[in-house]
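K.L.:
I am attaching a structure below and will ask some questions about it afterwards.
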Amino acid sequence: MRRPPWVPLLYVGPAAVVMAVACLYPVISALQLGFYDWSMGTPWEEARWVGMEAFVASFRDPAVWRSLVTTLMFAAVCVAAEMVLGIALALALEGNLRGMSVFRTLFILPMMIAPIAVGLTWRYLFDAQFGLINALLGLVGHDAVAWLAQENTAFAAIVIADIWQWTPFVFIMMIAGLSNVDTAVLEAARIDGATWWQTTRRVKLPMVMHVIAITLLMRLIDAFRVLEVIYVLTFGGPGDSTEILSLHIYKTAFIGQRLGNAAAISVLLLVVVAALSWAALRLSNPLKEGERA
Amino acid sequence: MKRRTLIQSAGSGALGMLAAGLPLVGRTQDRYAKYRGQTVVMSIPSHPHYDAMSKLLPEFTKQTGIKVEVDRLAMARMKDKQLLEMAKPSGDYDLVCYIVMWKGEYVKKNLVRDLEPYLKNAALADPDYDFKDLVPRYVENIGLVGGPKGYLAGPGAKLYGLPYGAETSILAYRRDLFAKHGLKPPETYEQFERLLPEIRQKTGIGALTSRGQAGHQCVHAWLLHLNPMGGKVFDDKWNPRFNDAVGVKALKFLKLVSETGPVGIPGFGQGEMITSFLQGQAAMYLDSSLIFGQVKNPAVSKIVDQVSYVVHPKGVRHASQSGGLGLAIPRNAKNADAAFLLLQWLTSKAQDKAVVRLGGVPTRTSTLADREMVTLYPEFITLRQQIEYSDPDWRPIIAEWDEINIQALGVAVSEALTGKKTPEDALNGMVPKVTDIMRRGGYLKG
């Protein structure tokens, strides 16, 4: 018996509606907010229609573009480092070595810690006078470094904290991907005389490329949304050298009380993240026509 | 009209009117009876004074039958939550703790209640409350809105909150180190400037600890020096003047503090600033009077018996910080009367002393003068003197201040501290942004 054409829609419909409402409503609300001048704590009826004013003002604000550049640098450095480290660790630890399950459990702990706690922990670690990092540097005769008081070192500090927290995510994803690689293919490569490096480069990594692509995409999106760790660690300083776009949006909305401008900048962030995500998927889309078979 | 006269006349205005009205209030048998069983929900920060206050709450419930629930948040996150709650038709909070800088915004948005009707309500007000005994400078700075400039005492000022966790700046110094190296605590900014490198050289530790992190923290540190030097953020017509010669001089002084202080000042928040002093990494501390209790606490302090206090050094004038925390009743509070009873109880003479014994800060003149309290805290003698110099116009507490403070000046001062820009360039560079904010707020035309 042939299935009526509307049956698949019946199955997919409810989930699609829920997803659409849950995802689109906040986006549309943000977009709407961008056309109003409204301050938190006042009735919405008092909001003033300002048209494109908030968008124009935000896009003309040099601080927004500075934040965007900082964000792009932060995302590029963090995600690149996390991908390389995560993949390398997964390749090194993929075998069923003794005690490896305990190590894996310990290794993923950082990503389970609340971001605020991560920020505080690193703030103490980077403390110029009492921090563990300067104490270790002192053991090798190095002077104390004021990590959070200089632009370059403060940027390094937020990058290190992010890499520490999120490399385990890449590791876990890659371990899962590698465990699904067909052992017969690996065995064939071994019989053909492939070295470890050749097997890794020519067999394993291509076979987990879809996992790498998804992981890269997820990390990229997350890197653009980081807020709490940087909020606690540097609050965007010194100056505005570590003020990434999400922190700039937070300050515009909750300190400047310019919700419309914050919404306008959020739309810019959404566009940038969407464009980068699209590009990342285009580069290594596991669902490309030729690779489905 | 001179400034002192203005404040005195304010005393006979908003504050005087309230104080004069209180004796008319009749004594009630049990003002709490009607509210027994109600629950007052408080929004408070993680803060030493409010940690001490929390220990008093069971006694309040025992005495009155009114229960208290506390929603404790990090100071920086408290305002977002309060704004969301207070904007609802019926909010979850009955009593909110606010930082002095928020008072103008909360009143402008009609989020908190005028307290005068409560203080005059015979059924609620305690005839022994003695409003006049609340430190007038604290009341003016933290409680009054609508007067001159929108935040000072005088015609139009109304009481929207009571000080609870108020503070002023005071200079703490290491008595032992000063004696050992033959140093004298500074009385003037000239002496202060000479002393900083000298301390560094003689003691080998930081001279003065200071806040310095980008945003509110570094601006707070700069304002500490700007005001005694005779500077202000705005002139009388709300034009920015923070970049004038005095503003630059104050910023250069802060740079000197950073260069001669403990390592890392440009990254210091309030916590690091205090810790470096308590852990013996700095010889002096010039900031909130909140430090008293922490110095005496051996769990956090290595300098328990080694600290003395003097008043904030004089520049062209005495002008110490005025700030801290207050308590207000939200417009949409469900149990507003019970909240007022709690507010009144907490700020009463007896409980003011009680909270000080637990490590909190005083709000009443009688507490500062109390023999037992002064025996426990001899520094109250200096504090009483310091409060006289507390400047309610220490910073412009207008609704736009948060944005100016954090997103404009907080970037400029930080950039000067790290050497990215000269103090002149950093401050001049922020004039257009601050002017824009003031135009948007309606303070400037054009």
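Residues are referred to by chain and number: the chain letter is A, B, ... according to the order shown in the structure tokens, the number counts from 1 in that chain, and ligands are numbered separately from 1 in the order shown.
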Using only C-alpha atoms, determine which residues of chain B fall within 9 Å of chain A; present them as an NGL selection string.

P.N.:
:B and (79-80 or 82-88 or 106 or 109-111 or 212-215 or 262-268 or 272 or 276 or 281 or 400-404 or 406-407 or 410-418 or 420)

K.L.:
Do a neighbour search on segment 202-210 of chain A at 6 Å with only C-alpha atoms, toss out local chain neighbours closer than 3 positions, and write the hits as a count of residues only.

P.N.:
5

K.L.:
Just how far from atom CA of Val135 of chain B is atom CA of Pro155 of chain B, in Å to one decimal?

P.N.:
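Between these atoms lies a distance of 19.6 Å.
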
K.L.:
Could you give me, as a VMD selection string, each residue of segment 42-161 of chain A that DSSP assigns to helix (DSSP H, G or I) when run on this structure's backbone?

P.N.:
chain A and resid 44 to 46 53 to 60 62 to 93 100 to 107 109 to 112 115 to 125 132 to 139 147 to 149 151 to 161

K.L.:
Dump C-alpha atoms for the selected residues as a JSON list (two decimals), in the first residue's frame?

P.N.:
[["chain", "number", "residue", "atom", "x", "y", "z"],
["A", 44, "TRP", "CA", 7.33, 48.08, 26.35],
["A", 45, "GLU", "CA", 4.62, 50.65, 25.53],
["A", 46, "GLU", "CA", 7.22, 53.35, 26.17],
["A", 53, "GLU", "CA", 18.86, 54.23, 13.62],
["A", 54, "ALA", "CA", 20.25, 51.56, 15.95],
["A", 55, "PHE", "CA", 21.64, 49.51, 13.05],
["A", 56, "VAL", "CA", 23.28, 52.54, 11.44],
["A", 57, "ALA", "CA", 24.68, 53.81, 14.75],
["A", 58, "SER", "CA", 26.01, 50.39, 15.69],
["A", 59, "PHE", "CA", 27.67, 49.78, 12.35],
["A", 60, "ARG", "CA", 29.30, 53.21, 12.49],
["A", 62, "PRO", "CA", 34.37, 51.89, 15.83],
["A", 63, "ALA", "CA", 34.08, 49.96, 19.11],
["A", 64, "VAL", "CA", 31.81, 47.41, 17.40],
["A", 65, "TRP", "CA", 34.32, 46.76, 14.63],
["A", 66, "ARG", "CA", 37.19, 46.57, 17.12],
["A", 67, "SER", "CA", 35.20, 43.99, 19.05],
["A", 68, "LEU", "CA", 34.48, 42.05, 15.88],
["A", 69, "VAL", "CA", 38.18, 41.92, 14.98],
["A", 70, "THR", "CA", 39.01, 40.79, 18.53],
["A", 71, "THR", "CA", 36.31, 38.13, 18.27],
["A", 72, "LEU", "CA", 37.58, 36.83, 14.94],
["A", 73, "MET", "CA", 41.13, 36.63, 16.30],
["A", 74, "PHE", "CA", 39.94, 34.92, 19.47],
["A", 75, "ALA", "CA", 37.82, 32.40, 17.57],
["A", 76, "ALA", "CA", 40.53, 31.66, 15.01],
["A", 77, "VAL", "CA", 43.29, 31.10, 17.57],
["A", 78, "CYS", "CA", 41.17, 29.15, 20.04],
["A", 79, "VAL", "CA", 39.38, 26.90, 17.56],
["A", 80, "ALA", "CA", 42.56, 26.16, 15.59],
["A", 81, "ALA", "CA", 44.46, 25.24, 18.75],
["A", 82, "GLU", "CA", 41.59, 23.20, 20.16],
["A", 83, "MET", "CA", 41.14, 21.26, 16.92],
["A", 84, "VAL", "CA", 44.84, 20.44, 16.59],
["A", 85, "LEU", "CA", 45.24, 19.52, 20.26],
["A", 86, "GLY", "CA", 41.97, 17.62, 20.47],
["A", 87, "ILE", "CA", 42.68, 15.55, 17.35],
["A", 88, "ALA", "CA", 46.29, 14.89, 18.39],
["A", 89, "LEU", "CA", 45.23, 13.75, 21.84],
["A", 90, "ALA", "CA", 42.49, 11.55, 20.43],
["A", 91, "LEU", "CA", 44.92, 9.90, 18.04],
["A", 92, "ALA", "CA", 47.41, 9.37, 20.83],
["A", 93, "LEU", "CA", 44.90, 7.95, 23.29],
["A", 100, "MET", "CA", 42.64, 5.14, 29.74],
["A", 101, "SER", "CA", 38.96, 5.26, 30.70],
["A", 102, "VAL", "CA", 39.86, 7.01, 33.97],
["A", 103, "PHE", "CA", 42.07, 9.45, 32.11],
["A", 104, "ARG", "CA", 39.34, 10.21, 29.58],
["A", 105, "THR", "CA", 36.87, 10.91, 32.38],
["A", 106, "LEU", "CA", 39.30, 13.27, 34.09],
["A", 107, "PHE", "CA", 40.15, 14.92, 30.82],
["A", 109, "LEU", "CA", 36.01, 17.54, 33.44],
["A", 110, "PRO", "CA", 36.91, 21.11, 32.36],
["A", 111, "MET", "CA", 34.02, 21.29, 29.92],
["A", 112, "MET", "CA", 31.60, 20.29, 32.65],
["A", 115, "PRO", "CA", 31.98, 29.04, 32.80],
["A", 116, "ILE", "CA", 31.84, 31.51, 35.72],
["A", 117, "ALA", "CA", 33.83, 29.04, 37.84],
["A", 118, "VAL", "CA", 36.30, 28.56, 34.99],
["A", 119, "GLY", "CA", 36.75, 32.34, 34.79],
["A", 120, "LEU", "CA", 37.32, 32.65, 38.52],
["A", 121, "THR", "CA", 39.72, 29.69, 38.59],
["A", 122, "TRP", "CA", 41.85, 31.17, 35.83],
["A", 123, "ARG", "CA", 41.66, 34.61, 37.38],
["A", 124, "TYR", "CA", 43.31, 33.16, 40.48],
["A", 125, "LEU", "CA", 45.79, 31.14, 38.42],
["A", 132, "LEU", "CA", 50.07, 29.43, 40.48],
["A", 133, "ILE", "CA", 51.38, 30.35, 37.04],
["A", 134, "ASN", "CA", 53.64, 33.08, 38.36],
["A", 135, "ALA", "CA", 54.70, 30.79, 41.21],
["A", 136, "LEU", "CA", 55.82, 28.21, 38.63],
["A", 137, "LEU", "CA", 57.58, 30.90, 36.61],
["A", 138, "GLY", "CA", 59.30, 31.99, 39.80],
["A", 139, "LEU", "CA", 60.71, 28.48, 40.26],
["A", 147, "TRP", "CA", 48.97, 38.59, 33.02],
["A", 148, "LEU", "CA", 45.69, 40.44, 33.17],
["A", 149, "ALA", "CA", 47.25, 43.90, 33.21],
["A", 151, "GLU", "CA", 46.98, 43.69, 26.43],
["A", 152, "ASN", "CA", 48.93, 40.81, 24.87],
["A", 153, "THR", "CA", 49.10, 38.67, 27.97],
["A", 154, "ALA", "CA", 45.45, 39.32, 28.81],
["A", 155, "PHE", "CA", 44.47, 38.11, 25.34],
["A", 156, "ALA", "CA", 46.71, 35.08, 25.81],
["A", 157, "ALA", "CA", 45.00, 34.45, 29.16],
["A", 158, "ILE", "CA", 41.49, 34.31, 27.69],
["A", 159, "VAL", "CA", 42.73, 32.08, 24.86],
["A", 160, "ILE", "CA", 44.45, 29.68, 27.28],
["A", 161, "ALA", "CA", 41.33, 29.46, 29.46]]

K.L.:
Grab the atom CA of Pro58 of chain B to atom CA of Gly165 of chain B distance for me, in Å with one decimal place.

P.N.:
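Computed distance, atom CA of Pro58 of chain B to atom CA of Gly165 of chain B, equals 19.4 Å.
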
K.L.:
Please provide the set of residues having any atom within 9 Å of segment 231-234 of chain B, restricted to only C-alpha atoms, with same-chain residues fewer than 2 positions apart removed, written as a count of residues only.

P.N.:
23

K.L.:
Can you list every residue in segment 317-376 of chain B that DSSP puts in strand (DSSP E or B), as a PyMOL selection string?

P.N.:
chain B and resi 320+322-328+330+364

K.L.:
Would you mind exporting the chosen residues as a compact mmCIF listing (two decimals), in the first residue's frame, restricted to N, CA and C atoms?

P.N.:
# COMPACT_ATOMS: atom_id res chain seq x y z
N SER B 320 36.36 62.95 50.01
CA SER B 320 36.50 61.49 49.97
C SER B 320 35.29 60.87 49.28
N SER B 322 32.01 58.89 48.25
CA SER B 322 30.71 58.63 48.87
C SER B 322 30.08 57.53 48.03
N GLY B 323 29.76 56.47 48.66
CA GLY B 323 29.21 55.36 47.88
C GLY B 323 28.72 54.25 48.75
N GLY B 324 28.62 53.10 48.14
CA GLY B 324 28.17 51.92 48.88
C GLY B 324 26.77 51.52 48.50
N LEU B 325 26.13 50.87 49.45
CA LEU B 325 24.86 50.20 49.16
C LEU B 325 23.70 50.75 49.97
N GLY B 326 22.53 50.59 49.42
CA GLY B 326 21.32 50.99 50.13
C GLY B 326 20.23 49.96 49.92
N LEU B 327 19.11 50.16 50.60
CA LEU B 327 17.97 49.26 50.47
C LEU B 327 16.74 50.07 50.05
N ALA B 328 16.00 49.53 49.09
CA ALA B 328 14.80 50.21 48.62
C ALA B 328 13.67 49.21 48.43
N PRO B 330 10.77 47.91 46.03
CA PRO B 330 10.31 48.01 44.64
C PRO B 330 8.86 48.44 44.55
N ARG B 364 24.82 54.54 61.43
CA ARG B 364 24.29 55.53 62.36
C ARG B 364 25.41 56.28 63.09

K.L.:
Record the distance separating atom CA of Val272 of chain A and atom CA of Asp37 of chain A, expressed in Å with one decimal.

P.N.:
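Computing the Euclidean distance for atom CA of Val272 of chain A and atom CA of Asp37 of chain A yields 24.0 Å.
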
K.L.:
Find the residues near Gly34 of chain A: any atom within 12 Å, counting only C-alpha atoms, skip ones fewer than 3 places away on the same chain, and give them as a PyMOL selection string.

P.N.:
chain A and resi 27-31+37-38+47-58+253+258-268

K.L.:
Looking at only C-alpha atoms, which of B:Lys314, B:Asp235, B:Lys255, B:Ala172 is the one that sits closest to Phe277 of chain B?

P.N.:
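Ranking B:Lys314, B:Asp235, B:Lys255, B:Ala172 by distance to Phe277 of chain B, first place goes to B:Ala172.
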
K.L.:
Nearest residue to Glu379 of chain B out of B:Ser258, B:Asn332, B:Tyr138, B:Ile170, using only C-alpha atoms?

P.N.:
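Counting only C-alpha atoms, the residue closest to Glu379 of chain B is B:Ile170.
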
K.L.:
Pick out the residues sitting within 7 Å of segment 189-195 of chain B, and hand them over as a list in words; count only C-alpha atoms, and ignore anything fewer than 4 positions along from it in its own chain.

P.N.:
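Non-adjacent residues within range: Ile199, Pro313, Lys314 and Gly315 of chain B.
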